[in-house]
$ cat final_33.pdb   # PDB, N, CA and C atoms
MODEL        1
ATOM      1  N   MET A   1     -26.425-104.986  54.550  1.00  0.00           N
ATOM      2  CA  MET A   1     -27.741-104.412  54.417  1.00  0.00           C
ATOM      3  C   MET A   1     -27.852-103.202  55.356  1.00  0.00           C
ATOM      4  N   ALA A   2     -28.385-102.125  54.861  1.00  0.00           N
ATOM      5  CA  ALA A   2     -28.518-100.901  55.655  1.00  0.00           C
ATOM      6  C   ALA A   2     -29.629-101.047  56.684  1.00  0.00           C
ATOM      7  N   SER A   3     -29.444-100.368  57.795  1.00  0.00           N
ATOM      8  CA  SER A   3     -30.451-100.404  58.857  1.00  0.00           C
ATOM      9  C   SER A   3     -31.519 -99.346  58.589  1.00  0.00           C
ATOM     10  N   LEU A   4     -32.602 -99.451  59.311  1.00  0.00           N
ATOM     11  CA  LEU A   4     -33.673 -98.467  59.193  1.00  0.00           C
ATOM     12  C   LEU A   4     -33.145 -97.071  59.511  1.00  0.00           C
ATOM     13  N   SER A   5     -32.294 -96.972  60.504  1.00  0.00           N
ATOM     14  CA  SER A   5     -31.701 -95.672  60.851  1.00  0.00           C
ATOM     15  C   SER A   5     -30.917 -95.089  59.680  1.00  0.00           C
ATOM     16  N   ASP A   6     -30.211 -95.945  58.947  1.00  0.00           N
ATOM     17  CA  ASP A   6     -29.470 -95.488  57.768  1.00  0.00           C
ATOM     18  C   ASP A   6     -30.417 -94.942  56.704  1.00  0.00           C
ATOM     19  N   TYR A   7     -31.531 -95.621  56.491  1.00  0.00           N
ATOM     20  CA  TYR A   7     -32.513 -95.167  55.503  1.00  0.00           C
ATOM     21  C   TYR A   7     -33.131 -93.832  55.910  1.00  0.00           C
ATOM     22  N   ILE A   8     -33.454 -93.696  57.169  1.00  0.00           N
ATOM     23  CA  ILE A   8     -34.033 -92.440  57.660  1.00  0.00           C
ATOM     24  C   ILE A   8     -33.023 -91.309  57.514  1.00  0.00           C
ATOM     25  N   GLU A   9     -31.783 -91.565  57.899  1.00  0.00           N
ATOM     26  CA  GLU A   9     -30.727 -90.555  57.761  1.00  0.00           C
ATOM     27  C   GLU A   9     -30.563 -90.136  56.300  1.00  0.00           C
ATOM     28  N   SER A  10     -30.516 -91.092  55.407  1.00  0.00           N
ATOM     29  CA  SER A  10     -30.357 -90.784  53.982  1.00  0.00           C
ATOM     30  C   SER A  10     -31.520 -89.952  53.458  1.00  0.00           C
ATOM     31  N   TYR A  11     -32.717 -90.305  53.876  1.00  0.00           N
ATOM     32  CA  TYR A  11     -33.904 -89.568  53.453  1.00  0.00           C
ATOM     33  C   TYR A  11     -33.833 -88.117  53.937  1.00  0.00           C
ATOM     34  N   LEU A  12     -33.471 -87.924  55.188  1.00  0.00           N
ATOM     35  CA  LEU A  12     -33.383 -86.571  55.735  1.00  0.00           C
ATOM     36  C   LEU A  12     -32.284 -85.760  55.049  1.00  0.00           C
ATOM     37  N   LYS A  13     -31.164 -86.385  54.748  1.00  0.00           N
ATOM     38  CA  LYS A  13     -30.090 -85.692  54.039  1.00  0.00           C
ATOM     39  C   LYS A  13     -30.532 -85.302  52.633  1.00  0.00           C
ATOM     40  N   LEU A  14     -31.292 -86.170  51.988  1.00  0.00           N
ATOM     41  CA  LEU A  14     -31.830 -85.857  50.668  1.00  0.00           C
ATOM     42  C   LEU A  14     -32.773 -84.660  50.750  1.00  0.00           C
ATOM     43  N   LEU A  15     -33.632 -84.649  51.756  1.00  0.00           N
ATOM     44  CA  LEU A  15     -34.528 -83.503  51.951  1.00  0.00           C
ATOM     45  C   LEU A  15     -33.732 -82.215  52.135  1.00  0.00           C
ATOM     46  N   LEU A  16     -32.713 -82.271  52.975  1.00  0.00           N
ATOM     47  CA  LEU A  16     -31.906 -81.079  53.242  1.00  0.00           C
ATOM     48  C   LEU A  16     -31.168 -80.586  51.997  1.00  0.00           C
ATOM     49  N   SER A  17     -30.716 -81.505  51.184  1.00  0.00           N
ATOM     50  CA  SER A  17     -29.966 -81.108  49.991  1.00  0.00           C
ATOM     51  C   SER A  17     -30.869 -80.585  48.879  1.00  0.00           C
ATOM     52  N   SER A  18     -32.167 -80.825  48.990  1.00  0.00           N
ATOM     53  CA  SER A  18     -33.084 -80.421  47.923  1.00  0.00           C
ATOM     54  C   SER A  18     -33.720 -79.051  48.145  1.00  0.00           C
ATOM     55  N   VAL A  19     -33.397 -78.402  49.254  1.00  0.00           N
ATOM     56  CA  VAL A  19     -33.956 -77.076  49.530  1.00  0.00           C
ATOM     57  C   VAL A  19     -32.821 -76.055  49.601  1.00  0.00           C
ATOM     58  N   PRO A  20     -33.031 -74.870  49.066  1.00  0.00           N
ATOM     59  CA  PRO A  20     -31.947 -73.884  49.023  1.00  0.00           C
ATOM     60  C   PRO A  20     -31.516 -73.364  50.395  1.00  0.00           C
ATOM     61  N   ASP A  21     -32.419 -73.307  51.351  1.00  0.00           N
ATOM     62  CA  ASP A  21     -32.077 -72.768  52.671  1.00  0.00           C
ATOM     63  C   ASP A  21     -31.403 -73.787  53.578  1.00  0.00           C
ATOM     64  N   GLU A  22     -31.351 -75.035  53.155  1.00  0.00           N
ATOM     65  CA  GLU A  22     -30.768 -76.139  53.922  1.00  0.00           C
ATOM     66  C   GLU A  22     -31.428 -76.337  55.278  1.00  0.00           C
ATOM     67  N   TRP A  23     -32.710 -76.099  55.355  1.00  0.00           N
ATOM     68  CA  TRP A  23     -33.476 -76.456  56.549  1.00  0.00           C
ATOM     69  C   TRP A  23     -34.854 -76.904  56.102  1.00  0.00           C
ATOM     70  N   VAL A  24     -35.384 -77.831  56.823  1.00  0.00           N
ATOM     71  CA  VAL A  24     -36.721 -78.353  56.549  1.00  0.00           C
ATOM     72  C   VAL A  24     -37.475 -78.483  57.865  1.00  0.00           C
ATOM     73  N   GLU A  25     -38.781 -78.455  57.760  1.00  0.00           N
ATOM     74  CA  GLU A  25     -39.624 -78.682  58.925  1.00  0.00           C
ATOM     75  C   GLU A  25     -40.266 -80.054  58.758  1.00  0.00           C
ATOM     76  N   ILE A  26     -40.080 -80.887  59.755  1.00  0.00           N
ATOM     77  CA  ILE A  26     -40.612 -82.248  59.689  1.00  0.00           C
ATOM     78  C   ILE A  26     -41.433 -82.539  60.938  1.00  0.00           C
ATOM     79  N   ARG A  27     -42.262 -83.553  60.828  1.00  0.00           N
ATOM     80  CA  ARG A  27     -43.008 -84.050  61.985  1.00  0.00           C
ATOM     81  C   ARG A  27     -42.602 -85.497  62.204  1.00  0.00           C
ATOM     82  N   ARG A  28     -42.237 -85.783  63.432  1.00  0.00           N
ATOM     83  CA  ARG A  28     -41.817 -87.156  63.750  1.00  0.00           C
ATOM     84  C   ARG A  28     -42.890 -88.157  63.352  1.00  0.00           C
ATOM     85  N   ARG A  29     -44.125 -87.835  63.666  1.00  0.00           N
ATOM     86  CA  ARG A  29     -45.220 -88.767  63.386  1.00  0.00           C
ATOM     87  C   ARG A  29     -45.329 -89.063  61.890  1.00  0.00           C
ATOM     88  N   ASP A  30     -45.198 -88.025  61.060  1.00  0.00           N
ATOM     89  CA  ASP A  30     -45.282 -88.220  59.615  1.00  0.00           C
ATOM     90  C   ASP A  30     -44.138 -89.093  59.100  1.00  0.00           C
ATOM     91  N   LEU A  31     -42.932 -88.824  59.596  1.00  0.00           N
ATOM     92  CA  LEU A  31     -41.798 -89.654  59.182  1.00  0.00           C
ATOM     93  C   LEU A  31     -41.948 -91.085  59.681  1.00  0.00           C
ATOM     94  N   ALA A  32     -42.436 -91.229  60.902  1.00  0.00           N
ATOM     95  CA  ALA A  32     -42.630 -92.567  61.461  1.00  0.00           C
ATOM     96  C   ALA A  32     -43.631 -93.356  60.623  1.00  0.00           C
ATOM     97  N   GLU A  33     -44.686 -92.701  60.180  1.00  0.00           N
ATOM     98  CA  GLU A  33     -45.655 -93.380  59.312  1.00  0.00           C
ATOM     99  C   GLU A  33     -45.013 -93.761  57.986  1.00  0.00           C
ATOM    100  N   ARG A  34     -44.218 -92.858  57.430  1.00  0.00           N
ATOM    101  CA  ARG A  34     -43.561 -93.124  56.148  1.00  0.00           C
ATOM    102  C   ARG A  34     -42.634 -94.342  56.232  1.00  0.00           C
ATOM    103  N   PHE A  35     -41.894 -94.440  57.337  1.00  0.00           N
ATOM    104  CA  PHE A  35     -40.936 -95.530  57.497  1.00  0.00           C
ATOM    105  C   PHE A  35     -41.483 -96.700  58.309  1.00  0.00           C
ATOM    106  N   ARG A  36     -42.746 -96.605  58.705  1.00  0.00           N
ATOM    107  CA  ARG A  36     -43.413 -97.667  59.474  1.00  0.00           C
ATOM    108  C   ARG A  36     -42.608 -98.047  60.716  1.00  0.00           C
ATOM    109  N   CYS A  37     -42.346 -97.022  61.516  1.00  0.00           N
ATOM    110  CA  CYS A  37     -41.601 -97.237  62.754  1.00  0.00           C
ATOM    111  C   CYS A  37     -42.202 -96.365  63.850  1.00  0.00           C
ATOM    112  N   ALA A  38     -41.673 -96.486  65.032  1.00  0.00           N
ATOM    113  CA  ALA A  38     -42.125 -95.656  66.150  1.00  0.00           C
ATOM    114  C   ALA A  38     -41.503 -94.262  66.032  1.00  0.00           C
ATOM    115  N   PRO A  39     -42.217 -93.236  66.474  1.00  0.00           N
ATOM    116  CA  PRO A  39     -41.636 -91.888  66.455  1.00  0.00           C
ATOM    117  C   PRO A  39     -40.312 -91.801  67.217  1.00  0.00           C
ATOM    118  N   SER A  40     -40.142 -92.637  68.212  1.00  0.00           N
ATOM    119  CA  SER A  40     -38.878 -92.621  68.960  1.00  0.00           C
ATOM    120  C   SER A  40     -37.694 -93.010  68.073  1.00  0.00           C
ATOM    121  N   GLN A  41     -37.926 -93.799  67.037  1.00  0.00           N
ATOM    122  CA  GLN A  41     -36.857 -94.154  66.099  1.00  0.00           C
ATOM    123  C   GLN A  41     -36.391 -92.907  65.347  1.00  0.00           C
ATOM    124  N   ILE A  42     -37.323 -92.038  65.001  1.00  0.00           N
ATOM    125  CA  ILE A  42     -36.974 -90.781  64.331  1.00  0.00           C
ATOM    126  C   ILE A  42     -36.155 -89.912  65.284  1.00  0.00           C
ATOM    127  N   SER A  43     -36.582 -89.836  66.523  1.00  0.00           N
ATOM    128  CA  SER A  43     -35.837 -89.061  67.531  1.00  0.00           C
ATOM    129  C   SER A  43     -34.421 -89.593  67.681  1.00  0.00           C
ATOM    130  N   TYR A  44     -34.288 -90.903  67.700  1.00  0.00           N
ATOM    131  CA  TYR A  44     -32.968 -91.526  67.824  1.00  0.00           C
ATOM    132  C   TYR A  44     -32.060 -91.088  66.672  1.00  0.00           C
ATOM    133  N   VAL A  45     -32.569 -91.146  65.458  1.00  0.00           N
ATOM    134  CA  VAL A  45     -31.764 -90.761  64.297  1.00  0.00           C
ATOM    135  C   VAL A  45     -31.378 -89.286  64.385  1.00  0.00           C
ATOM    136  N   LEU A  46     -32.326 -88.447  64.732  1.00  0.00           N
ATOM    137  CA  LEU A  46     -32.042 -87.013  64.811  1.00  0.00           C
ATOM    138  C   LEU A  46     -30.996 -86.693  65.872  1.00  0.00           C
ATOM    139  N   THR A  47     -31.067 -87.360  67.001  1.00  0.00           N
ATOM    140  CA  THR A  47     -30.128 -87.040  68.083  1.00  0.00           C
ATOM    141  C   THR A  47     -28.762 -87.687  67.909  1.00  0.00           C
ATOM    142  N   THR A  48     -28.678 -88.783  67.175  1.00  0.00           N
ATOM    143  CA  THR A  48     -27.388 -89.461  67.022  1.00  0.00           C
ATOM    144  C   THR A  48     -26.707 -89.196  65.685  1.00  0.00           C
ATOM    145  N   ARG A  49     -27.465 -88.924  64.652  1.00  0.00           N
ATOM    146  CA  ARG A  49     -26.876 -88.764  63.321  1.00  0.00           C
ATOM    147  C   ARG A  49     -26.743 -87.313  62.875  1.00  0.00           C
ATOM    148  N   PHE A  50     -27.419 -86.417  63.556  1.00  0.00           N
ATOM    149  CA  PHE A  50     -27.390 -85.010  63.165  1.00  0.00           C
ATOM    150  C   PHE A  50     -26.884 -84.153  64.326  1.00  0.00           C
ATOM    151  N   THR A  51     -25.635 -84.384  64.662  1.00  0.00           N
ATOM    152  CA  THR A  51     -24.986 -83.628  65.731  1.00  0.00           C
ATOM    153  C   THR A  51     -23.975 -82.669  65.110  1.00  0.00           C
ATOM    154  N   ILE A  52     -23.458 -81.777  65.895  1.00  0.00           N
ATOM    155  CA  ILE A  52     -22.451 -80.830  65.404  1.00  0.00           C
ATOM    156  C   ILE A  52     -21.214 -81.578  64.906  1.00  0.00           C
ATOM    157  N   GLU A  53     -20.843 -82.646  65.594  1.00  0.00           N
ATOM    158  CA  GLU A  53     -19.668 -83.427  65.199  1.00  0.00           C
ATOM    159  C   GLU A  53     -19.850 -84.118  63.850  1.00  0.00           C
ATOM    160  N   ARG A  54     -21.076 -84.432  63.512  1.00  0.00           N
ATOM    161  CA  ARG A  54     -21.333 -85.152  62.263  1.00  0.00           C
ATOM    162  C   ARG A  54     -21.787 -84.196  61.208  1.00  0.00           C
TER
ENDMDL
END
$ encode --input "final_33.pdb" --output "structure tokens"
Amino acid sequence: MASLSDYIESYLKLLLSSVPDEWVEIRRRDLAERFRCAPSQISYVLTTRFTIER
């Protein structure tokens, strides 16, 4: 079973792939409400899953 972090990562990748410029503007609070989690969970995903190495 996928973790919440996996779902958030997949959602963000889908957003990025759906725009021609490959950048999106997001608000942690809005994403946190969408996924029913704390904004810090969004920060965690952004800092660990969206690095130069990945």
$ closest_residue --input "final_33.pdb" --among "A:Ser17, A:Arg28, A:Trp23, A:Leu4" --to "Ser40 in chain A" --atoms "only C-alpha atoms"
A:Arg28
$ atom_distance --input "final_33.pdb" --atom1 "CA of Asp30 in chain A" --atom2 "atom C of Met1 in chain A"
23.4 Å
$ atom_distance --input "final_33.pdb" --atom1 "CA of Phe50 in chain A" --atom2 "CA of Glu25 in chain A"
14.4 Å
$ atom_distance --input "final_33.pdb" --atom1 "atom C of Ser43 in chain A" --atom2 "atom N of Asp6 in chain A"
11.6 Å
$ residues_around --input "final_33.pdb" --residues "Ile26 in chain A" --least-positions-apart "4" --cutoff "10 Å" --atoms "only C-alpha atoms" --output "VMD selection string"
chain A and resid 12 15 30 to 31
$ closest_residue --input "final_33.pdb" --among "A:Glu22, A:Arg27, A:Glu9, A:Ala32" --to "Arg49 in chain A" --atoms "only N, CA and C atoms"
A:Glu9
$ select_by_dssp --input "final_33.pdb" --residues "chain A" --states "alpha helix (DSSP H)" --output "NGL selection string"
:A and (4-17 or 28-35 or 39-49)
$ closest_residue --input "final_33.pdb" --among "A:Ala2, A:Val24, A:Val19, A:Ile8" --to "Val45 in chain A" --atoms "all atoms listed in the file"
A:Ile8
$ axis_aligned_box --input "final_33.pdb" --around "range 23-42 of chain A" --padding-each-side "6 Å" --output "JSON"
{"center_x": -39.2, "center_y": -87.1, "center_z": 62.2, "size_x": 24.9, "size_y": 33.9, "size_z": 25.6}
